[in-house]
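Quick look at data_34.cif (mmCIF, C-alpha atoms):
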```cif
data_protein
#
loop_
_atom_site.label_atom_id
_atom_site.label_comp_id
_atom_site.auth_asym_id
_atom_site.auth_seq_id
_atom_site.Cartn_x
_atom_site.Cartn_y
_atom_site.Cartn_z
CA MET C 1 -3.08 -10.17 16.61
CA SER C 2 -3.79 -12.37 13.60
CA ALA C 3 -1.31 -14.91 12.29
CA PRO C 4 1.52 -13.06 10.48
CA GLY C 5 1.56 -15.61 7.66
CA ALA C 6 -2.04 -14.89 6.77
CA SER C 7 -1.60 -11.12 6.70
CA THR C 8 0.16 -11.05 3.30
CA ASP C 9 -2.80 -12.85 1.74
CA ASP C 10 -5.17 -10.44 3.48
CA PHE C 11 -3.18 -7.51 2.10
CA LEU C 12 -3.32 -8.83 -1.47
CA ALA C 13 -7.04 -9.50 -1.11
CA MET C 14 -7.50 -5.89 0.04
CA LEU C 15 -5.59 -4.59 -3.01
CA ALA C 16 -7.95 -6.49 -5.29
CA ALA C 17 -11.21 -5.74 -3.49
CA GLU C 18 -10.76 -2.18 -2.24
CA ARG C 19 -8.24 -0.60 -4.61
CA GLY C 20 -9.09 -2.48 -7.78
CA ALA C 21 -5.44 -3.31 -8.40
CA ALA C 22 -4.64 -5.06 -11.66
CA ARG C 23 -3.94 -8.79 -11.55
CA ASN C 24 -0.34 -8.28 -12.70
CA THR C 25 0.24 -5.78 -9.88
CA ILE C 26 -1.15 -8.19 -7.30
CA LEU C 27 1.02 -11.02 -8.64
CA ALA C 28 4.14 -8.81 -8.62
CA TYR C 29 3.50 -7.60 -5.08
CA GLY C 30 2.81 -11.16 -3.97
CA ARG C 31 6.17 -12.30 -5.36
CA ASP C 32 7.94 -9.36 -3.71
CA LEU C 33 6.46 -10.14 -0.31
CA GLU C 34 7.16 -13.86 -0.66
CA GLN C 35 10.79 -13.20 -1.63
CA ALA C 36 11.18 -10.84 1.32
CA GLU C 37 9.91 -13.54 3.68
CA ASP C 38 12.34 -16.04 2.12
CA MET C 39 15.24 -13.62 2.69
CA LEU C 40 14.01 -12.99 6.22
CA GLY C 41 13.55 -16.67 6.98
CA GLY C 42 10.23 -16.07 8.67
CA ALA C 43 6.96 -14.13 8.65
CA LEU C 44 7.35 -10.62 7.24
CA ALA C 45 4.70 -9.02 9.44
CA GLY C 46 6.95 -9.04 12.49
CA ALA C 47 10.10 -7.76 10.76
CA SER C 48 12.23 -5.13 12.50
CA PRO C 49 13.83 -2.11 10.79
CA ALA C 50 17.23 -3.85 10.94
CA GLN C 51 15.80 -6.91 9.23
CA LEU C 52 14.23 -4.80 6.47
CA ALA C 53 17.56 -3.03 5.97
CA ARG C 54 19.26 -6.42 5.48
CA ILE C 55 16.57 -7.42 2.97
CA ALA C 56 17.19 -4.19 1.05
CA GLN C 57 20.92 -4.95 0.92
CA GLY C 58 20.05 -8.00 -1.16
CA TRP C 59 18.55 -5.74 -3.83
CA SER C 60 21.84 -4.02 -4.70
CA ALA C 61 22.13 -5.66 -8.13
CA LEU C 62 18.52 -4.91 -9.16
CA ALA C 63 17.35 -2.11 -11.43
CA PRO C 64 16.11 1.04 -9.66
CA SER C 65 12.60 0.51 -11.02
CA THR C 66 12.49 -3.01 -9.56
CA VAL C 67 13.75 -1.79 -6.18
CA ALA C 68 11.14 0.97 -6.25
CA ARG C 69 8.38 -1.58 -6.79
CA LYS C 70 9.65 -3.81 -3.97
CA VAL C 71 9.90 -0.85 -1.60
CA SER C 72 6.37 0.19 -2.57
CA ALA C 73 5.06 -3.32 -1.91
CA LEU C 74 6.64 -3.43 1.56
CA ARG C 75 5.57 0.11 2.48
CA GLN C 76 1.99 -0.59 1.48
CA PHE C 77 2.02 -3.94 3.29
CA PHE C 78 3.18 -2.45 6.58
CA GLY C 79 0.78 0.46 6.14
CA PHE C 80 -1.99 -2.13 5.82
CA LEU C 81 -0.85 -3.84 9.03
CA ILE C 82 -0.94 -0.53 10.89
CA ASP C 83 -4.38 0.37 9.53
CA GLU C 84 -5.70 -3.03 10.59
CA GLY C 85 -4.23 -2.70 14.08
CA LEU C 86 -1.79 -5.57 13.53
CA ARG C 87 1.26 -3.37 14.17
CA GLU C 88 1.81 -0.11 16.00
CA ASP C 89 5.18 0.85 14.49
CA ASP C 90 6.29 1.32 10.90
CA PRO C 91 9.71 -0.29 10.21
CA THR C 92 9.89 0.81 6.58
CA HIS C 93 11.95 3.92 7.36
CA ALA C 94 14.90 1.54 7.04
CA LEU C 95 14.12 0.91 3.37
CA PRO C 96 15.87 2.89 0.61
CA ARG C 97 14.12 5.58 -1.35
CA PRO C 98 15.21 4.83 -4.92
CA ALA C 99 14.83 7.67 -7.37
CA ALA C 100 13.15 5.61 -10.05
CA ARG C 101 12.34 7.91 -12.95
CA ARG C 102 9.36 7.09 -15.08
CA PRO C 103 10.51 6.99 -18.72
CA LEU C 104 9.07 9.73 -20.86
CA PRO C 105 6.57 8.50 -23.46
CA LYS C 106 7.53 8.37 -27.10
CA ILE C 107 5.80 11.10 -29.06
CA LEU C 108 4.32 11.10 -32.55
CA SER C 109 4.07 14.42 -34.31
CA HIS C 110 0.85 15.57 -35.97
CA ASP C 111 2.48 15.05 -39.37
CA GLU C 112 3.39 11.46 -38.50
CA VAL C 113 -0.15 10.74 -37.34
CA GLU C 114 -1.50 12.22 -40.57
CA ALA C 115 0.86 10.01 -42.59
CA LEU C 116 -0.40 6.92 -40.77
CA PHE C 117 -4.03 7.81 -41.38
CA ALA C 118 -3.44 8.71 -45.03
CA THR C 119 -1.83 5.33 -45.62
CA ALA C 120 -4.54 3.41 -43.74
CA GLU C 121 -7.37 5.32 -45.45
CA GLU C 122 -5.94 4.73 -48.90
CA ALA C 123 -5.68 0.99 -48.23
CA ALA C 124 -9.24 0.90 -46.88
CA SER C 125 -10.74 2.83 -49.80
CA GLY C 126 -11.64 -0.38 -51.60
CA ASP C 127 -13.45 -1.90 -48.56
CA ALA C 128 -11.01 -4.79 -48.16
CA PRO C 129 -12.00 -6.22 -44.74
CA GLN C 130 -8.48 -6.37 -43.29
CA ALA C 131 -7.74 -2.81 -44.39
CA VAL C 132 -11.00 -1.47 -42.94
CA ARG C 133 -10.28 -3.33 -39.71
CA LEU C 134 -6.85 -1.73 -39.45
CA LEU C 135 -8.30 1.74 -40.07
CA THR C 136 -10.88 1.10 -37.35
CA LEU C 137 -8.19 -0.05 -34.90
CA LEU C 138 -6.12 3.04 -35.69
CA GLU C 139 -9.09 5.38 -35.23
CA MET C 140 -9.90 3.88 -31.84
CA LEU C 141 -6.33 3.82 -30.57
CA TYR C 142 -5.63 7.43 -31.48
CA GLY C 143 -9.18 8.77 -31.20
CA SER C 144 -10.11 7.21 -27.85
CA GLY C 145 -6.77 6.44 -26.18
CA LEU C 146 -7.55 2.78 -25.55
CA ARG C 147 -4.96 0.35 -24.25
CA ALA C 148 -4.07 -2.48 -26.63
CA SER C 149 -5.61 -5.10 -24.34
CA GLU C 150 -8.80 -3.05 -23.98
CA LEU C 151 -9.16 -2.62 -27.73
CA VAL C 152 -8.57 -6.18 -28.92
CA SER C 153 -10.87 -7.65 -26.25
CA LEU C 154 -13.84 -5.36 -26.90
CA PRO C 155 -17.05 -7.39 -27.08
CA LEU C 156 -19.48 -6.61 -29.84
CA SER C 157 -21.95 -5.50 -27.16
CA ALA C 158 -19.64 -2.60 -26.22
CA VAL C 159 -20.28 -0.83 -29.53
CA PRO C 160 -22.76 2.03 -29.01
CA ARG C 161 -25.96 2.11 -31.00
CA ASP C 162 -26.81 5.77 -30.58
CA ALA C 163 -24.69 7.25 -27.78
CA PRO C 164 -21.12 8.17 -28.82
CA PHE C 165 -19.50 6.16 -26.03
CA LEU C 166 -17.87 2.77 -25.55
CA THR C 167 -18.02 0.89 -22.28
CA VAL C 168 -14.46 -0.30 -21.63
CA VAL C 169 -13.25 -2.57 -18.84
CA GLY C 170 -9.72 -1.50 -17.96
CA LYS C 171 -7.09 -2.40 -15.39
CA GLY C 172 -8.39 -3.93 -12.18
CA GLY C 173 -11.73 -4.64 -13.83
CA GLN C 174 -12.71 -0.96 -13.64
CA ALA C 175 -15.30 0.05 -16.24
CA ARG C 176 -15.29 3.50 -17.81
CA MET C 177 -17.12 5.33 -20.57
CA VAL C 178 -14.89 6.31 -23.50
CA PRO C 179 -16.06 8.79 -26.15
CA VAL C 180 -15.89 7.67 -29.77
CA SER C 181 -15.26 10.30 -32.41
CA GLN C 182 -17.40 10.68 -35.50
CA ARG C 183 -14.49 9.40 -37.60
CA ALA C 184 -14.15 6.31 -35.44
CA ARG C 185 -17.91 5.68 -35.53
CA ALA C 186 -17.83 5.88 -39.33
CA ALA C 187 -14.96 3.38 -39.45
CA LEU C 188 -16.79 1.13 -36.97
CA SER C 189 -19.88 1.14 -39.17
CA ARG C 190 -17.82 0.09 -42.16
CA TRP C 191 -16.11 -2.66 -40.18
CA LEU C 192 -19.38 -4.00 -38.70
CA ALA C 193 -20.74 -4.42 -42.20
CA LEU C 194 -17.69 -6.47 -43.24
CA ARG C 195 -16.73 -8.56 -40.17
CA GLU C 196 -17.73 -12.21 -39.99
CA ALA C 197 -20.95 -12.77 -38.08
CA GLY C 198 -21.29 -15.14 -35.15
CA SER C 199 -18.42 -14.02 -32.94
CA PRO C 200 -19.09 -12.13 -29.68
CA TRP C 201 -15.92 -10.07 -30.23
CA LEU C 202 -15.69 -6.81 -32.15
CA PHE C 203 -12.38 -7.92 -33.71
CA PRO C 204 -12.70 -11.70 -33.99
CA SER C 205 -9.99 -14.16 -34.93
CA ARG C 206 -9.81 -17.89 -35.38
CA LYS C 207 -8.94 -18.41 -31.72
CA GLY C 208 -11.28 -15.84 -30.20
CA HIS C 209 -10.38 -12.19 -30.61
CA LEU C 210 -7.48 -10.37 -32.25
CA SER C 211 -4.33 -10.74 -30.13
CA ARG C 212 -2.18 -7.92 -28.79
CA VAL C 213 0.80 -9.42 -30.63
CA ARG C 214 -1.03 -9.30 -33.94
CA LEU C 215 -2.10 -5.71 -33.30
CA PHE C 216 1.56 -4.76 -32.74
CA GLN C 217 2.50 -6.47 -36.00
CA LEU C 218 -0.22 -4.70 -37.98
CA LEU C 219 0.91 -1.30 -36.70
CA LYS C 220 4.56 -2.01 -37.50
CA GLU C 221 3.57 -2.96 -41.05
CA LEU C 222 1.49 0.21 -41.35
CA ALA C 223 4.41 2.34 -40.16
CA THR C 224 6.66 0.82 -42.81
CA ARG C 225 4.13 1.55 -45.55
CA ALA C 226 3.83 5.13 -44.26
CA ASP C 227 7.63 5.60 -44.43
CA LEU C 228 7.94 5.83 -40.65
CA PRO C 229 10.43 3.85 -38.52
CA PRO C 230 8.45 0.75 -37.41
CA GLU C 231 10.11 0.80 -34.00
CA LYS C 232 8.50 4.18 -33.40
CA LEU C 233 4.93 2.88 -33.56
CA SER C 234 2.98 0.74 -31.11
CA PRO C 235 -0.50 0.83 -29.54
CA HIS C 236 0.96 2.51 -26.48
CA VAL C 237 2.63 5.21 -28.59
CA LEU C 238 -0.74 5.99 -30.17
CA ARG C 239 -2.28 6.19 -26.70
CA HIS C 240 0.47 8.64 -25.76
CA ALA C 241 -0.24 10.66 -28.90
CA PHE C 242 -3.93 10.78 -27.99
CA ALA C 243 -3.09 12.15 -24.53
CA THR C 244 -0.40 14.56 -25.71
CA HIS C 245 -2.41 16.06 -28.52
CA LEU C 246 -5.48 16.48 -26.30
CA LEU C 247 -3.37 18.39 -23.78
CA GLU C 248 -1.97 20.55 -26.59
CA GLY C 249 -5.55 21.32 -27.57
CA GLY C 250 -6.38 22.54 -24.07
CA ALA C 251 -7.79 19.42 -22.39
CA ASP C 252 -7.97 19.38 -18.59
CA LEU C 253 -5.61 16.96 -16.83
CA ARG C 254 -8.42 15.52 -14.69
CA ALA C 255 -10.54 14.90 -17.76
CA LEU C 256 -7.57 13.21 -19.40
CA GLN C 257 -7.14 11.00 -16.32
CA THR C 258 -10.73 9.83 -16.72
CA LEU C 259 -10.36 9.19 -20.44
CA LEU C 260 -7.17 7.16 -19.97
CA GLY C 261 -8.56 5.20 -17.03
CA HIS C 262 -5.71 6.13 -14.67
CA ALA C 263 -6.44 5.34 -11.03
CA ASP C 264 -3.99 8.01 -9.84
CA ILE C 265 -3.54 11.52 -11.26
CA SER C 266 0.24 11.14 -10.80
CA THR C 267 0.23 8.64 -13.67
CA THR C 268 -1.44 11.18 -15.94
CA GLN C 269 0.96 13.95 -14.93
CA ILE C 270 3.74 12.35 -16.98
CA TYR C 271 2.16 14.03 -20.00
CA THR C 272 2.55 17.54 -18.65
CA HIS C 273 6.21 17.71 -19.74
CA VAL C 274 5.23 17.63 -23.40
CA ASP C 275 2.95 20.61 -22.99
CA ALA C 276 5.33 22.96 -21.20
CA ALA C 277 5.35 25.49 -24.02
CA ARG C 278 1.57 25.82 -24.00
CA LEU C 279 1.53 26.23 -20.22
CA VAL C 280 4.17 28.97 -20.33
CA LYS C 281 2.22 30.75 -23.06
CA LEU C 282 -0.97 30.41 -21.01
CA VAL C 283 0.64 32.03 -17.97
CA ASN C 284 2.18 34.81 -20.04
CA GLU C 285 -1.08 35.61 -21.80
CA ARG C 286 -3.73 34.94 -19.15
CA HIS C 287 -2.17 35.70 -15.77
CA PRO C 288 -3.39 39.07 -14.36
CA LEU C 289 0.17 40.31 -13.82
CA ALA C 290 1.03 39.59 -17.48
CA ARG C 291 -1.46 42.20 -18.66
CA PRO C 292 -0.16 45.70 -19.37
CA ARG C 293 -0.93 48.13 -16.58
CA SER C 294 -2.94 51.15 -17.52
CA SER C 295 -1.08 54.45 -17.14
CA ASP C 296 -2.19 56.83 -14.44
#
```
Written as structure tokens, how would this file's structure read?
Amino acid sequence: MSAPGASTDDFLAMLAAERGAARNTILAYGRDLEQAEDMLGGALAGASPAQLARIAQGWSALAPSTVARKVSALRQFFGFLIDEGLREDDPTHALPRPAARRPLPKILSHDEVEALFATAEEAASGDAPQAVRLLTLLEMLYGSGLRASELVSLPLSAVPRDAPFLTVVGKGGQARMVPVSQRARAALSRWLALREAGSPWLFPSRKGHLSRVRLFQLLKELATRADLPPEKLSPHVLRHAFATHLLEGGADLRALQTLLGHADISTTQIYTHVDAARLVKLVNERHPLARPRSSD
């Protein structure tokens, strides 16, 4: 059996190499495991169910979502030990099963999206560089469902020449192909003709590329000009709108998972609640038993 102290590092290395876990996830899990060892006063790999139960008692003041993450880290860690033959038993049955509910995404209506685009298009009609840049950012957030970090860090080389796809590097360093709409390609062409040359980034700034903070600010300002509550708009809300409106249009959940870059389909399934009406209508109209029976 390998040294228990080294097994946490081995587990984190496995998360990065085999599962492509994001850096923030690895750091969070590493902190959770380290804190558990501190509470245990020794190596975590040899912990008994009673010891894990005592560790869990120390989480009583934490938010359910935090407890859920800690439980997940420990369950995955001991699962790793079992898979590697470092333990035969699983002590995690002593851990709580917090009912952490994923918050439902904020939703923008079609009318609100149209108001945003109308405002951005009017400002960009005179080819002012900053206005064209904002229109391009808006088109790519809503039209391709990019994360804020993915969008602002796009290199110039990611822009397609002929094929209507972007190559995006998402969480965990996973690359995926993202379709770019004709509207977004038109906005990109306008922006490429106006942006300052010499930078390797699609959206350059004085210190490298446009920051996520600045992108948030630009969207809040746009919401205000479009007579929408600024707190209602963010890059993530536009990503949610992209997913929601695609589902409303009949997109397949697996296809949506690929477009959003979700590693697990359960992450994508959060969007199904917003499309309940369409699903009910689909069953009522398309299910064989919903069709009128012919009279004898």
Selected residue of minimal separation from Ser181 of chain C among C:Leu134, C:Leu12, C:Leu154, C:Leu141, counting all atoms listed in the file: C:Leu141
Report as a compact mmCIF listing (two decimals) with C-alpha atoms, in the frame of the given file the residues that result from applying the PyMOL selection byres ((chain C and resi 218) around 12) to the structure here.
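Okay, this is what ended up in expr_4.txt:
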```
# COMPACT_ATOMS: atom_id res chain seq x y z
CA LEU C 116 -0.40 6.92 -40.77
CA ALA C 120 -4.54 3.41 -43.74
CA GLN C 130 -8.48 -6.37 -43.29
CA ALA C 131 -7.74 -2.81 -44.39
CA ARG C 133 -10.28 -3.33 -39.71
CA LEU C 134 -6.85 -1.73 -39.45
CA LEU C 135 -8.30 1.74 -40.07
CA LEU C 137 -8.19 -0.05 -34.90
CA LEU C 138 -6.12 3.04 -35.69
CA LEU C 210 -7.48 -10.37 -32.25
CA SER C 211 -4.33 -10.74 -30.13
CA ARG C 212 -2.18 -7.92 -28.79
CA VAL C 213 0.80 -9.42 -30.63
CA ARG C 214 -1.03 -9.30 -33.94
CA LEU C 215 -2.10 -5.71 -33.30
CA PHE C 216 1.56 -4.76 -32.74
CA GLN C 217 2.50 -6.47 -36.00
CA LEU C 219 0.91 -1.30 -36.70
CA LYS C 220 4.56 -2.01 -37.50
CA GLU C 221 3.57 -2.96 -41.05
CA LEU C 222 1.49 0.21 -41.35
CA ALA C 223 4.41 2.34 -40.16
CA THR C 224 6.66 0.82 -42.81
CA ARG C 225 4.13 1.55 -45.55
CA PRO C 230 8.45 0.75 -37.41
CA LEU C 233 4.93 2.88 -33.56
CA SER C 234 2.98 0.74 -31.11
CA PRO C 235 -0.50 0.83 -29.54
```
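Every protein or nucleic acid residue with an atom no more than 12 Å from Ala115 of chain C, counting only C-alpha atoms and leaving out same-chain residues fewer than 2 positions away, appears here: Leu108, Ser109, His110, Asp111, Glu112, Val113, Phe117, Ala118, Thr119, Ala120, Glu121, Glu122, Leu222, Ala223, Thr224, Arg225, Ala226, Asp227 and Leu228 of chain C.
Residues lying within 8 Å of (5.4, -9.0, -0.4). Counted over all atoms listed in the file, they are Thr8, Tyr29, Gly30, Arg31, Asp32, Leu33, Glu34, Gln35, Ala36, Glu37, Lys70, Ala73, Leu74 and Phe77 of chain C.
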Can you give me, as a PyMOL selection string, the residues this file yields under the PyMOL selection byres ((chain C and resi 157-169) around 10)? chain C and resi 144+146-147+149-151+153-156+170-182+184-185+188-189+192+200-202+261
Once the PyMOL selection byres ((chain C and resi 59) around 12) has been applied to the shown file, what residues remain in the selection, as a list of chain:residue names? C:Asp32, C:Gln35, C:Ala36, C:Met39, C:Leu52, C:Ala53, C:Arg54, C:Ile55, C:Ala56, C:Gln57, C:Gly58, C:Ser60, C:Ala61, C:Leu62, C:Ala63, C:Pro64, C:Ser65, C:Thr66, C:Val67, C:Ala68, C:Arg69, C:Lys70, C:Val71, C:Leu95, C:Pro96, C:Pro98
Could you save the residues just selected, with C-alpha atoms, as a CSV table (one decimal), in the frame of the given file?
```csv
chain,number,residue,atom,x,y,z
C,32,ASP,CA,7.9,-9.4,-3.7
C,35,GLN,CA,10.8,-13.2,-1.6
C,36,ALA,CA,11.2,-10.8,1.3
C,39,MET,CA,15.2,-13.6,2.7
C,52,LEU,CA,14.2,-4.8,6.5
C,53,ALA,CA,17.6,-3.0,6.0
C,54,ARG,CA,19.3,-6.4,5.5
C,55,ILE,CA,16.6,-7.4,3.0
C,56,ALA,CA,17.2,-4.2,1.0
C,57,GLN,CA,20.9,-5.0,0.9
C,58,GLY,CA,20.0,-8.0,-1.2
C,60,SER,CA,21.8,-4.0,-4.7
C,61,ALA,CA,22.1,-5.7,-8.1
C,62,LEU,CA,18.5,-4.9,-9.2
C,63,ALA,CA,17.4,-2.1,-11.4
C,64,PRO,CA,16.1,1.0,-9.7
C,65,SER,CA,12.6,0.5,-11.0
C,66,THR,CA,12.5,-3.0,-9.6
C,67,VAL,CA,13.8,-1.8,-6.2
C,68,ALA,CA,11.1,1.0,-6.2
C,69,ARG,CA,8.4,-1.6,-6.8
C,70,LYS,CA,9.6,-3.8,-4.0
C,71,VAL,CA,9.9,-0.8,-1.6
C,95,LEU,CA,14.1,0.9,3.4
C,96,PRO,CA,15.9,2.9,0.6
C,98,PRO,CA,15.2,4.8,-4.9
```
For a test of reading the model, state the distance in Å between atom CA of Ala124 of chain C and atom CA of Phe203 of chain C, rounded to one decimal. 16.2 Å
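Interatomic distance, atom CA of Thr25 of chain C to atom CA of Phe80 of chain C: 16.3 Å.
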